[in-house]
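For reference, target-v5.pdb (PDB, C-alpha atoms and all ligand atoms):
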```pdb
ATOM      1  CA  MET A 365       0.000   0.000   0.000  1.00  0.00           C
ATOM      2  CA  SER A 366       3.003   2.289  -0.387  1.00  0.00           C
ATOM      3  CA  LYS A 367       1.925   3.318  -3.861  1.00  0.00           C
ATOM      4  CA  VAL A 368       0.310   6.712  -3.917  1.00  0.00           C
ATOM      5  CA  ILE A 369      -2.875   6.920  -5.877  1.00  0.00           C
ATOM      6  CA  LYS A 370      -2.161   9.122  -8.845  1.00  0.00           C
ATOM      7  CA  LYS A 371      -3.651   7.398 -11.848  1.00  0.00           C
ATOM      8  CA  CYS A 372      -7.017   8.649 -12.972  1.00  0.00           C
ATOM      9  CA  GLU A 373      -9.315   5.691 -13.584  1.00  0.00           C
ATOM     10  CA  LYS A 374     -11.204   7.580 -16.265  1.00  0.00           C
ATOM     11  CA  CYS A 375      -8.588   9.142 -18.524  1.00  0.00           C
ATOM     12  CA  GLY A 376      -5.622   7.140 -17.240  1.00  0.00           C
ATOM     13  CA  ALA A 377      -3.484  10.205 -16.645  1.00  0.00           C
ATOM     14  CA  LEU A 378      -1.113  10.431 -13.713  1.00  0.00           C
ATOM     15  CA  ASN A 379      -1.947  13.454 -11.625  1.00  0.00           C
ATOM     16  CA  ASP A 380      -1.401  14.499  -8.014  1.00  0.00           C
ATOM     17  CA  THR A 381      -4.989  15.695  -7.801  1.00  0.00           C
ATOM     18  CA  VAL A 382      -6.270  12.124  -8.185  1.00  0.00           C
ATOM     19  CA  TYR A 383      -5.410  11.229  -4.603  1.00  0.00           C
ATOM     20  CA  ALA A 384      -7.001  14.375  -3.222  1.00  0.00           C
ATOM     21  CA  ASN A 385     -10.166  13.695  -5.178  1.00  0.00           C
ATOM     22  CA  TYR A 386     -10.122  10.098  -4.015  1.00  0.00           C
ATOM     23  CA  LEU A 387     -10.100  11.234  -0.411  1.00  0.00           C
ATOM     24  CA  LEU A 388     -12.826  13.790  -1.039  1.00  0.00           C
ATOM     25  CA  TYR A 389     -15.144  11.865  -3.329  1.00  0.00           C
ATOM     26  CA  GLY A 390     -14.041   8.259  -3.231  1.00  0.00           C
ATOM     27  CA  PHE A 391     -13.305   8.285  -6.939  1.00  0.00           C
ATOM     28  CA  MET A 392      -9.854   8.027  -8.464  1.00  0.00           C
ATOM     29  CA  ILE A 393     -10.290  10.865 -10.896  1.00  0.00           C
ATOM     30  CA  CYS A 394      -8.234  13.878 -11.883  1.00  0.00           C
ATOM     31  CA  ASP A 395      -9.465  17.442 -11.747  1.00  0.00           C
ATOM     32  CA  SER A 396     -10.286  17.435 -15.446  1.00  0.00           C
ATOM     33  CA  CYS A 397     -12.516  14.398 -15.138  1.00  0.00           C
ATOM     34  CA  LYS A 398     -14.035  15.750 -11.953  1.00  0.00           C
ATOM     35  CA  LEU A 399     -15.018  18.890 -13.817  1.00  0.00           C
ATOM     36  CA  SER A 400     -16.474  16.978 -16.724  1.00  0.00           C
ATOM     37  CA  GLU A 401     -18.380  14.779 -14.290  1.00  0.00           C
ATOM     38  CA  THR A 402     -19.773  17.833 -12.608  1.00  0.00           C
ATOM     39  CA  LEU A 403     -20.891  19.253 -15.916  1.00  0.00           C
ATOM     40  CA  PHE A 404     -21.909  15.957 -17.466  1.00  0.00           C
ATOM     41  CA  PRO A 405     -22.631  13.379 -14.771  1.00  0.00           C
ATOM     42  CA  ILE A 406     -22.058   9.855 -15.999  1.00  0.00           C
ATOM     43  CA  VAL A 407     -25.010   7.673 -15.153  1.00  0.00           C
TER      44      VAL A 407
HETATM   45 ZN    ZN B 501      -8.911  12.010 -15.650  1.00  0.00          ZN
END
```
Rewrite the structure from the file as structure tokens, please.
Amino acid sequence: MSKVIKKCEKCGALNDTVYANYLLYGFMICDSCKLSETLFPIV
């Protein structure tokens, strides 16, 4: 469990914001995907 969560499960990009969003929302997504989810929620 030493690996820091950085890989976005939607776009596959490595980003430091993925871990922060994982803690906040429980989803391993980057800020870009978070924004697009906010604008266009995926059902
Ligand atoms: Zn992403």
Exercise for review: Pick out the residues no farther than 8 Å from ligand ZN 501 (chain B), counting all atoms listed in the file, and list them as a list in words.
Suggested key: Lys371, Cys372, Glu373, Lys374, Cys375, Gly376, Ala377, Val382, Ile393, Cys394, Asp395, Ser396, Cys397 and Lys398 of chain A
Long-range neighbours of A:Lys370 as an mmCIF file with C-alpha atoms, keeping the file's coordinate frame, 7 Å cut-off, all atoms listed in the file, 4 positions minimum in chain:
```cif
data_model
loop_
_atom_site.group_PDB
_atom_site.id
_atom_site.type_symbol
_atom_site.label_atom_id
_atom_site.label_comp_id
_atom_site.auth_asym_id
_atom_site.auth_seq_id
_atom_site.Cartn_x
_atom_site.Cartn_y
_atom_site.Cartn_z
ATOM 1 C CA LEU A 378 -1.113 10.431 -13.713
ATOM 2 C CA ASN A 379 -1.947 13.454 -11.625
ATOM 3 C CA ASP A 380 -1.401 14.499 -8.014
ATOM 4 C CA VAL A 382 -6.270 12.124 -8.185
ATOM 5 C CA TYR A 383 -5.410 11.229 -4.603
#
```
Given 3 Å of margin on each side, can you work out the centre and size in Å (one decimal) of an axis-aligned box holding every listed atom of stretch 369-372 of chain A, as AutoDock Vina command-line options?
```
--center_x -4.6 --center_y 8.0 --center_z -9.4 --size_x 10.9 --size_y 8.2 --size_z 13.1
```
